file run.pdb (PDB, C-alpha atoms, pLDDT in the B column)
ATOM      1  CA  MET A   1     -53.608 -92.019 -25.149  1.00 67.00           C
ATOM      2  CA  THR A   2     -52.907 -88.424 -24.332  1.00 64.00           C
ATOM      3  CA  PRO A   3     -50.866 -85.612 -25.714  1.00 51.00           C
ATOM      4  CA  LYS A   4     -47.686 -86.606 -24.249  1.00 52.00           C
ATOM      5  CA  ALA A   5     -52.696 -92.131 -26.945  1.00 39.00           C
ATOM      6  CA  PRO A   6     -51.823 -99.289 -35.305  1.00 31.00           C
ATOM      7  CA  GLY A   7     -55.170 -98.865 -36.356  1.00 32.00           C
ATOM      8  CA  PRO A   8     -57.650-101.658 -37.013  1.00 33.00           C
ATOM      9  CA  GLU A   9     -56.403-105.016 -38.126  1.00 33.00           C
ATOM     10  CA  GLY A  10     -54.864-104.794 -41.557  1.00 35.00           C
ATOM     11  CA  THR A  11     -53.992-101.113 -41.322  1.00 36.00           C
ATOM     12  CA  ARG A  12     -50.941 -99.222 -40.172  1.00 39.00           C
ATOM     13  CA  PRO A  13     -50.683 -96.095 -38.051  1.00 41.00           C
ATOM     14  CA  THR A  14     -50.675 -92.797 -39.871  1.00 41.00           C
ATOM     15  CA  PRO A  15     -47.005 -91.873 -40.384  1.00 42.00           C
ATOM     16  CA  PRO A  16     -45.745 -88.763 -38.609  1.00 44.00           C
ATOM     17  CA  ARG A  17     -46.263 -85.544 -40.538  1.00 48.00           C
ATOM     18  CA  HIS A  18     -43.102 -84.353 -42.271  1.00 48.00           C
ATOM     19  CA  ARG A  19     -41.480 -81.463 -40.465  1.00 51.00           C
ATOM     20  CA  PRO A  20     -38.600 -79.305 -41.686  1.00 52.00           C
ATOM     21  CA  GLY A  21     -35.186 -79.841 -40.183  1.00 60.00           C
ATOM     22  CA  GLY A  22     -32.262 -77.612 -39.355  1.00 84.00           C
ATOM     23  CA  ARG A  23     -32.721 -74.205 -37.766  1.00 81.00           C
ATOM     24  CA  THR A  24     -36.478 -74.187 -38.399  1.00 88.00           C
ATOM     25  CA  ALA A  25     -36.899 -77.443 -36.477  1.00 92.00           C
ATOM     26  CA  ARG A  26     -34.729 -76.179 -33.614  1.00 94.00           C
ATOM     27  CA  ILE A  27     -36.785 -73.003 -33.309  1.00 96.00           C
ATOM     28  CA  ARG A  28     -40.014 -74.997 -33.331  1.00 96.00           C
ATOM     29  CA  THR A  29     -38.706 -77.287 -30.588  1.00 95.00           C
ATOM     30  CA  GLN A  30     -37.595 -74.332 -28.456  1.00 97.00           C
ATOM     31  CA  VAL A  31     -40.925 -72.549 -28.882  1.00 98.00           C
ATOM     32  CA  LEU A  32     -43.125 -75.580 -28.228  1.00 97.00           C
ATOM     33  CA  ASP A  33     -41.081 -76.482 -25.153  1.00 96.00           C
ATOM     34  CA  ALA A  34     -41.620 -72.915 -23.947  1.00 97.00           C
ATOM     35  CA  VAL A  35     -45.377 -73.168 -24.578  1.00 97.00           C
ATOM     36  CA  ARG A  36     -45.603 -76.346 -22.501  1.00 95.00           C
ATOM     37  CA  ALA A  37     -43.601 -74.806 -19.679  1.00 95.00           C
ATOM     38  CA  GLU A  38     -45.613 -71.574 -19.654  1.00 95.00           C
ATOM     39  CA  LEU A  39     -48.901 -73.439 -19.867  1.00 93.00           C
ATOM     40  CA  GLY A  40     -47.936 -75.800 -17.056  1.00 91.00           C
ATOM     41  CA  GLU A  41     -46.868 -72.910 -14.802  1.00 93.00           C
ATOM     42  CA  HIS A  42     -49.451 -70.255 -15.622  1.00 92.00           C
ATOM     43  CA  GLY A  43     -52.364 -71.941 -17.406  1.00 91.00           C
ATOM     44  CA  TYR A  44     -54.152 -70.661 -20.494  1.00 92.00           C
ATOM     45  CA  ASP A  45     -54.866 -67.212 -19.073  1.00 92.00           C
ATOM     46  CA  GLY A  46     -51.199 -66.661 -18.322  1.00 92.00           C
ATOM     47  CA  LEU A  47     -49.984 -67.803 -21.741  1.00 95.00           C
ATOM     48  CA  SER A  48     -48.750 -65.034 -24.027  1.00 96.00           C
ATOM     49  CA  MET A  49     -46.797 -64.837 -27.258  1.00 97.00           C
ATOM     50  CA  ASP A  50     -44.201 -62.503 -25.728  1.00 97.00           C
ATOM     51  CA  ALA A  51     -43.621 -64.752 -22.707  1.00 97.00           C
ATOM     52  CA  VAL A  52     -43.185 -67.778 -24.952  1.00 97.00           C
ATOM     53  CA  ALA A  53     -40.748 -65.913 -27.199  1.00 97.00           C
ATOM     54  CA  ALA A  54     -38.704 -64.736 -24.217  1.00 97.00           C
ATOM     55  CA  ARG A  55     -38.580 -68.172 -22.653  1.00 97.00           C
ATOM     56  CA  ALA A  56     -37.653 -69.810 -25.959  1.00 97.00           C
ATOM     57  CA  GLY A  57     -34.954 -67.232 -26.677  1.00 97.00           C
ATOM     58  CA  VAL A  58     -36.591 -66.450 -30.019  1.00 96.00           C
ATOM     59  CA  HIS A  59     -37.457 -63.019 -31.395  1.00 96.00           C
ATOM     60  CA  ARG A  60     -41.142 -62.200 -30.867  1.00 95.00           C
ATOM     61  CA  THR A  61     -41.647 -61.389 -34.556  1.00 96.00           C
ATOM     62  CA  THR A  62     -40.613 -64.945 -35.447  1.00 96.00           C
ATOM     63  CA  VAL A  63     -43.231 -66.364 -33.086  1.00 97.00           C
ATOM     64  CA  TYR A  64     -45.985 -64.057 -34.346  1.00 96.00           C
ATOM     65  CA  ARG A  65     -45.086 -64.675 -37.995  1.00 96.00           C
ATOM     66  CA  ARG A  66     -45.101 -68.464 -37.712  1.00 96.00           C
ATOM     67  CA  TRP A  67     -47.825 -69.161 -35.157  1.00 97.00           C
ATOM     68  CA  GLY A  68     -50.005 -66.044 -35.347  1.00 96.00           C
ATOM     69  CA  ASP A  69     -51.531 -66.210 -31.874  1.00 96.00           C
ATOM     70  CA  VAL A  70     -51.792 -68.301 -28.725  1.00 96.00           C
ATOM     71  CA  GLY A  71     -54.296 -70.609 -30.399  1.00 95.00           C
ATOM     72  CA  GLY A  72     -51.771 -71.359 -33.128  1.00 96.00           C
ATOM     73  CA  LEU A  73     -49.142 -72.215 -30.529  1.00 97.00           C
ATOM     74  CA  LEU A  74     -51.470 -74.560 -28.673  1.00 96.00           C
ATOM     75  CA  ALA A  75     -52.593 -76.232 -31.895  1.00 96.00           C
ATOM     76  CA  ASP A  76     -48.985 -76.891 -32.886  1.00 97.00           C
ATOM     77  CA  VAL A  77     -48.188 -78.367 -29.461  1.00 96.00           C
ATOM     78  CA  LEU A  78     -51.093 -80.765 -29.885  1.00 95.00           C
ATOM     79  CA  ASP A  79     -50.189 -81.592 -33.472  1.00 95.00           C
ATOM     80  CA  ALA A  80     -46.619 -82.266 -32.370  1.00 94.00           C
ATOM     81  CA  ALA A  81     -47.934 -84.808 -29.868  1.00 91.00           C
ATOM     82  CA  GLY A  82     -49.214 -86.863 -32.789  1.00 88.00           C
ATOM     83  CA  ASP A  83     -45.839 -86.859 -34.549  1.00 87.00           C
ATOM     84  CA  ASP A  84     -44.642 -89.977 -32.798  1.00 87.00           C
ATOM     85  CA  ASP A  85     -44.524 -93.749 -33.135  1.00 90.00           C
ATOM     86  CA  TRP A  86     -46.527 -94.475 -29.981  1.00 94.00           C
ATOM     87  CA  GLN A  87     -48.236 -97.885 -29.922  1.00 95.00           C
ATOM     88  CA  PRO A  88     -50.842 -99.129 -27.450  1.00 97.00           C
ATOM     89  CA  PRO A  89     -49.789-101.766 -24.899  1.00 97.00           C
ATOM     90  CA  ASP A  90     -49.800-105.452 -25.832  1.00 98.00           C
ATOM     91  CA  THR A  91     -50.125-107.663 -22.739  1.00 98.00           C
ATOM     92  CA  SER A  92     -51.834-110.589 -24.519  1.00 97.00           C
ATOM     93  CA  SER A  93     -55.197-109.934 -22.849  1.00 98.00           C
ATOM     94  CA  LEU A  94     -57.921-107.349 -23.329  1.00 98.00           C
ATOM     95  CA  GLU A  95     -58.145-106.436 -19.652  1.00 98.00           C
ATOM     96  CA  GLY A  96     -54.377-106.190 -19.392  1.00 98.00           C
ATOM     97  CA  ASP A  97     -54.130-103.962 -22.460  1.00 98.00           C
ATOM     98  CA  LEU A  98     -56.866-101.641 -21.223  1.00 98.00           C
ATOM     99  CA  ALA A  99     -55.393-101.496 -17.720  1.00 98.00           C
ATOM    100  CA  ALA A 100     -51.940-100.646 -19.080  1.00 98.00           C
ATOM    101  CA  LEU A 101     -53.452 -97.985 -21.333  1.00 98.00           C
ATOM    102  CA  ASN A 102     -55.302 -96.501 -18.368  1.00 98.00           C
ATOM    103  CA  GLN A 103     -52.117 -96.471 -16.332  1.00 98.00           C
ATOM    104  CA  GLU A 104     -50.456 -94.394 -19.050  1.00 97.00           C
ATOM    105  CA  ILE A 105     -53.411 -92.003 -19.135  1.00 97.00           C
ATOM    106  CA  GLN A 106     -53.473 -91.584 -15.372  1.00 97.00           C
ATOM    107  CA  ALA A 107     -49.720 -90.961 -15.245  1.00 97.00           C
ATOM    108  CA  ALA A 108     -50.025 -88.258 -17.923  1.00 95.00           C
ATOM    109  CA  LEU A 109     -52.979 -86.577 -16.229  1.00 95.00           C
ATOM    110  CA  ILE A 110     -51.346 -86.350 -12.802  1.00 95.00           C
ATOM    111  CA  ALA A 111     -47.848 -85.461 -14.011  1.00 93.00           C
ATOM    112  CA  GLN A 112     -46.315 -82.233 -12.738  1.00 91.00           C
ATOM    113  CA  PRO A 113     -46.345 -79.667 -14.150  1.00 89.00           C
ATOM    114  CA  PRO A 114     -49.908 -80.511 -15.295  1.00 90.00           C
ATOM    115  CA  ILE A 115     -49.300 -79.911 -18.996  1.00 92.00           C
ATOM    116  CA  VAL A 116     -51.747 -82.511 -20.344  1.00 92.00           C
ATOM    117  CA  ALA A 117     -54.593 -81.323 -18.133  1.00 90.00           C
ATOM    118  CA  ALA A 118     -53.780 -77.714 -19.058  1.00 92.00           C
ATOM    119  CA  LEU A 119     -53.890 -78.542 -22.779  1.00 93.00           C
ATOM    120  CA  ILE A 120     -57.277 -80.208 -22.373  1.00 93.00           C
ATOM    121  CA  ALA A 121     -58.587 -77.169 -20.508  1.00 91.00           C
ATOM    122  CA  ALA A 122     -57.117 -74.796 -23.101  1.00 93.00           C
ATOM    123  CA  SER A 123     -58.926 -76.616 -25.901  1.00 93.00           C
ATOM    124  CA  PHE A 124     -62.200 -75.288 -24.452  1.00 93.00           C
ATOM    125  CA  ARG A 125     -60.900 -71.719 -24.760  1.00 92.00           C
ATOM    126  CA  SER A 126     -59.314 -71.782 -28.213  1.00 94.00           C
ATOM    127  CA  GLU A 127     -60.987 -72.929 -31.431  1.00 95.00           C
ATOM    128  CA  LYS A 128     -57.635 -73.745 -33.042  1.00 95.00           C
ATOM    129  CA  ALA A 129     -56.615 -75.817 -30.037  1.00 95.00           C
ATOM    130  CA  ALA A 130     -60.010 -77.539 -30.004  1.00 96.00           C
ATOM    131  CA  HIS A 131     -59.604 -78.696 -33.608  1.00 97.00           C
ATOM    132  CA  ALA A 132     -56.063 -79.886 -32.924  1.00 96.00           C
ATOM    133  CA  GLN A 133     -57.218 -81.718 -29.811  1.00 95.00           C
ATOM    134  CA  GLN A 134     -59.876 -83.489 -31.859  1.00 96.00           C
ATOM    135  CA  ARG A 135     -57.276 -84.529 -34.440  1.00 96.00           C
ATOM    136  CA  LEU A 136     -55.110 -85.948 -31.677  1.00 95.00           C
ATOM    137  CA  TRP A 137     -57.968 -87.905 -30.074  1.00 95.00           C
ATOM    138  CA  GLU A 138     -58.953 -89.347 -33.472  1.00 96.00           C
ATOM    139  CA  ASP A 139     -55.370 -90.439 -34.044  1.00 95.00           C
ATOM    140  CA  ARG A 140     -55.059 -92.052 -30.620  1.00 96.00           C
ATOM    141  CA  TYR A 141     -58.371 -93.897 -30.802  1.00 96.00           C
ATOM    142  CA  ALA A 142     -57.492 -95.164 -34.280  1.00 96.00           C
ATOM    143  CA  ARG A 143     -54.171 -96.500 -33.038  1.00 97.00           C
ATOM    144  CA  CYS A 144     -55.829 -98.181 -30.050  1.00 98.00           C
ATOM    145  CA  GLU A 145     -58.419-100.044 -32.103  1.00 97.00           C
ATOM    146  CA  ILE A 146     -55.882-102.832 -32.565  1.00 98.00           C
ATOM    147  CA  ILE A 147     -56.399-103.684 -28.875  1.00 98.00           C
ATOM    148  CA  VAL A 148     -59.959-104.710 -29.745  1.00 98.00           C
ATOM    149  CA  SER A 149     -58.942-106.459 -32.980  1.00 98.00           C
ATOM    150  CA  ARG A 150     -56.467-108.613 -31.074  1.00 98.00           C
ATOM    151  CA  ALA A 151     -59.066-109.467 -28.437  1.00 98.00           C
ATOM    152  CA  VAL A 152     -61.522-110.549 -31.115  1.00 97.00           C
ATOM    153  CA  ARG A 153     -58.870-112.795 -32.722  1.00 97.00           C
ATOM    154  CA  ARG A 154     -58.118-114.360 -29.330  1.00 97.00           C
ATOM    155  CA  GLY A 155     -61.794-115.105 -28.809  1.00 97.00           C
ATOM    156  CA  GLU A 156     -62.135-112.733 -25.846  1.00 98.00           C
ATOM    157  CA  LEU A 157     -64.737-110.615 -27.624  1.00 98.00           C
ATOM    158  CA  PRO A 158     -67.592-111.306 -30.003  1.00 97.00           C
ATOM    159  CA  PRO A 159     -67.002-110.380 -33.634  1.00 95.00           C
ATOM    160  CA  HIS A 160     -68.102-106.905 -34.714  1.00 95.00           C
ATOM    161  CA  THR A 161     -67.399-105.365 -31.316  1.00 97.00           C
ATOM    162  CA  ASP A 162     -67.432-101.582 -31.685  1.00 98.00           C
ATOM    163  CA  ALA A 163     -63.849-100.644 -30.841  1.00 98.00           C
ATOM    164  CA  ARG A 164     -64.447 -96.921 -30.345  1.00 97.00           C
ATOM    165  CA  ARG A 165     -67.322 -97.417 -27.907  1.00 97.00           C
ATOM    166  CA  LEU A 166     -65.333 -99.962 -25.908  1.00 98.00           C
ATOM    167  CA  LEU A 167     -62.240 -97.748 -25.734  1.00 98.00           C
ATOM    168  CA  ILE A 168     -64.258 -94.744 -24.603  1.00 97.00           C
ATOM    169  CA  ALA A 169     -65.995 -96.788 -21.912  1.00 98.00           C
ATOM    170  CA  ALA A 170     -62.666 -98.127 -20.637  1.00 98.00           C
ATOM    171  CA  THR A 171     -60.840 -94.801 -20.497  1.00 98.00           C
ATOM    172  CA  ALA A 172     -63.614 -92.328 -19.670  1.00 97.00           C
ATOM    173  CA  PRO A 173     -63.539 -92.914 -15.878  1.00 98.00           C
ATOM    174  CA  LEU A 174     -59.954 -91.622 -15.764  1.00 97.00           C
ATOM    175  CA  TYR A 175     -60.856 -88.322 -17.436  1.00 96.00           C
ATOM    176  CA  HIS A 176     -64.079 -88.007 -15.433  1.00 96.00           C
ATOM    177  CA  GLN A 177     -62.401 -88.479 -12.072  1.00 97.00           C
ATOM    178  CA  LEU A 178     -59.127 -86.632 -12.680  1.00 96.00           C
ATOM    179  CA  VAL A 179     -60.159 -83.836 -15.057  1.00 93.00           C
ATOM    180  CA  LEU A 180     -63.832 -83.152 -14.328  1.00 92.00           C
ATOM    181  CA  LEU A 181     -64.146 -84.046 -10.635  1.00 95.00           C
ATOM    182  CA  ARG A 182     -60.467 -83.427  -9.849  1.00 93.00           C
ATOM    183  CA  THR A 183     -60.417 -86.229  -7.315  1.00 95.00           C
ATOM    184  CA  PRO A 184     -57.096 -87.536  -5.965  1.00 96.00           C
ATOM    185  CA  PRO A 185     -55.662 -90.294  -8.167  1.00 95.00           C
ATOM    186  CA  ASP A 186     -56.796 -93.782  -7.218  1.00 97.00           C
ATOM    187  CA  PRO A 187     -54.165 -96.443  -7.975  1.00 97.00           C
ATOM    188  CA  HIS A 188     -56.938 -99.018  -8.405  1.00 98.00           C
ATOM    189  CA  LEU A 189     -59.024 -97.008 -10.886  1.00 98.00           C
ATOM    190  CA  PRO A 190     -57.100 -97.896 -14.085  1.00 98.00           C
ATOM    191  CA  GLY A 191     -57.505-101.615 -13.476  1.00 98.00           C
ATOM    192  CA  HIS A 192     -61.064-101.377 -12.209  1.00 98.00           C
ATOM    193  CA  ALA A 193     -62.222 -99.358 -15.215  1.00 98.00           C
ATOM    194  CA  ALA A 194     -60.463-101.779 -17.556  1.00 98.00           C
ATOM    195  CA  ARG A 195     -62.048-104.816 -15.904  1.00 98.00           C
ATOM    196  CA  THR A 196     -65.536-103.328 -16.010  1.00 98.00           C
ATOM    197  CA  ALA A 197     -65.252-102.451 -19.701  1.00 98.00           C
ATOM    198  CA  ALA A 198     -63.736-105.827 -20.606  1.00 98.00           C
ATOM    199  CA  LEU A 199     -66.508-107.751 -18.843  1.00 98.00           C
ATOM    200  CA  ALA A 200     -69.194-105.640 -20.491  1.00 98.00           C
ATOM    201  CA  ALA A 201     -67.580-106.080 -23.904  1.00 98.00           C
ATOM    202  CA  ALA A 202     -67.310-109.852 -23.499  1.00 98.00           C
ATOM    203  CA  ALA A 203     -71.038-109.917 -22.750  1.00 97.00           C
ATOM    204  CA  GLY A 204     -71.759-108.110 -26.024  1.00 97.00           C
ATOM    205  CA  ALA A 205     -72.428-104.646 -24.605  1.00 97.00           C
ATOM    206  CA  PHE A 206     -70.452-102.992 -27.412  1.00 97.00           C
ATOM    207  CA  ALA A 207     -71.684-105.027 -30.345  1.00 94.00           C
ATOM    208  CA  GLU A 208     -71.972-102.923 -33.480  1.00 86.00           C
ATOM    209  CA  SER A 209     -75.513-101.979 -34.433  1.00 74.00           C
ATOM    210  CA  PRO A 210     -76.778-103.806 -37.521  1.00 63.00           C
ATOM    211  CA  SER A 211     -76.726-101.661 -40.647  1.00 60.00           C
ATOM    212  CA  ALA A 212     -79.920-100.628 -42.312  1.00 41.00           C
ATOM    213  CA  SER A 213     -79.308-103.212 -45.006  1.00 42.00           C
ATOM    214  CA  ASP A 214     -79.371-105.976 -42.408  1.00 52.00           C
ATOM    215  CA  THR A 215     -82.711-104.959 -40.938  1.00 46.00           C
TER     216      THR A 215
END
call {"tool": "encode", "arguments": {"input": "run.pdb", "output": "structure tokens"}}
result
Amino acid sequence: MTPKAPGPEGTRPTPPRHRPGGRTARIRTQVLDAVRAELGEHGYDGLSMDAVAARAGVHRTTVYRRWGDVGGLLADVLDAAGDDDWQPPDTSSLEGDLAALNQEIQAALIAQPPIVAALIAASFRSEKAAHAQQRLWEDRYARCEIIVSRAVRRGELPPHTDARRLLIAATAPLYHQLVLLRTPPDPHLPGHAARTAALAAAAGAFAESPSASDT
């Protein structure tokens, strides 16, 4: 559920945004690949429009005209991450689904070069990137809500379990340990965090609050 993370039951994932083809698409691919490479090697402070243009083999005026500034480049990288058909794991159990999801997150966060971690860090430095990051998280959480819907149908969870709260609780330890504390990756953490969240959810810890009309 990261910038490389089907919505709720009865809905379908948002289709990928239409992107132009041909030369325009090739230039975009070259430039965004260059942004990822530069960001992974040099971080946000070392990212520049000229360096990206040179690495992509594209004239600098093309990059400035289309993306405007570094924030525009980062935002497009993040938006491009949502233009996919990614689906959350389906292991036939809530704990298994959450553990598999956490394994994907951990793999993305520790990958080298550290592009995903660098994009997360850059979103705190660029308003455009921050908005794009938020769009990506919203998309990923929406797609992952089906994990909770399936668990409810199987009888693993009480009805009206709050999917977003459960998903955050299950995945947050990965981001806390690897991004905030920068601790070495623990191969047991994805499964442990999944198990803890699944047990809490089964006990009703993430039941939706009654609406005002029900009180």
call {"tool": "resolve_selection", "arguments": {"input": "run.pdb", "expression": "the PyMOL selection byres ((chain A and resi 141) around 9)", "output": "JSON, numbers by chain"}}
result
{"A": [1, 5, 7, 136, 137, 138, 139, 140, 142, 143, 144, 145, 163, 164, 167, 168]}
call {"tool": "resolve_selection", "arguments": {"input": "run.pdb", "expression": "the PyMOL selection byres ((chain A and resi 71) around 12)", "output": "mmCIF file with C-alpha atoms, keeping the file's coordinate frame"}}
result
data_model
loop_
_atom_site.group_PDB
_atom_site.id
_atom_site.type_symbol
_atom_site.label_atom_id
_atom_site.label_comp_id
_atom_site.auth_asym_id
_atom_site.auth_seq_id
_atom_site.Cartn_x
_atom_site.Cartn_y
_atom_site.Cartn_z
ATOM 1 C CA VAL A 35 -45.377 -73.168 -24.578
ATOM 2 C CA TYR A 44 -54.152 -70.661 -20.494
ATOM 3 C CA ASP A 45 -54.866 -67.212 -19.073
ATOM 4 C CA LEU A 47 -49.984 -67.803 -21.741
ATOM 5 C CA SER A 48 -48.750 -65.034 -24.027
ATOM 6 C CA MET A 49 -46.797 -64.837 -27.258
ATOM 7 C CA TYR A 64 -45.985 -64.057 -34.346
ATOM 8 C CA ARG A 66 -45.101 -68.464 -37.712
ATOM 9 C CA TRP A 67 -47.825 -69.161 -35.157
ATOM 10 C CA GLY A 68 -50.005 -66.044 -35.347
ATOM 11 C CA ASP A 69 -51.531 -66.210 -31.874
ATOM 12 C CA VAL A 70 -51.792 -68.301 -28.725
ATOM 13 C CA GLY A 72 -51.771 -71.359 -33.128
ATOM 14 C CA LEU A 73 -49.142 -72.215 -30.529
ATOM 15 C CA LEU A 74 -51.470 -74.560 -28.673
ATOM 16 C CA ALA A 75 -52.593 -76.232 -31.895
ATOM 17 C CA ASP A 76 -48.985 -76.891 -32.886
ATOM 18 C CA VAL A 77 -48.188 -78.367 -29.461
ATOM 19 C CA LEU A 78 -51.093 -80.765 -29.885
ATOM 20 C CA LEU A 119 -53.890 -78.542 -22.779
ATOM 21 C CA ALA A 122 -57.117 -74.796 -23.101
ATOM 22 C CA SER A 123 -58.926 -76.616 -25.901
ATOM 23 C CA PHE A 124 -62.200 -75.288 -24.452
ATOM 24 C CA ARG A 125 -60.900 -71.719 -24.760
ATOM 25 C CA SER A 126 -59.314 -71.782 -28.213
ATOM 26 C CA GLU A 127 -60.987 -72.929 -31.431
ATOM 27 C CA LYS A 128 -57.635 -73.745 -33.042
ATOM 28 C CA ALA A 129 -56.615 -75.817 -30.037
ATOM 29 C CA ALA A 130 -60.010 -77.539 -30.004
ATOM 30 C CA HIS A 131 -59.604 -78.696 -33.608
ATOM 31 C CA ALA A 132 -56.063 -79.886 -32.924
ATOM 32 C CA GLN A 133 -57.218 -81.718 -29.811
#
call {"tool": "atom_distance", "arguments": {"input": "run.pdb", "atom1": "atom CA of Arg154 of chain A", "atom2": "atom CA of Trp86 of chain A"}}
result
23.0 Å
call {"tool": "axis_aligned_box", "arguments": {"input": "run.pdb", "around": "segment 86-90 of chain A", "padding_each_side": "3 Å", "output": "JSON"}}
result
{"center_x": -48.7, "center_y": -100.0, "center_z": -27.4, "size_x": 10.3, "size_y": 17.0, "size_z": 11.1}
call {"tool": "resolve_selection", "arguments": {"input": "run.pdb", "expression": "the PyMOL selection byres ((chain A and resi 169-179) around 7)", "output": "MDAnalysis selection string"}}
result
chainID A and resid 98 102 106 117 165:168 180:183 185 193:194 197
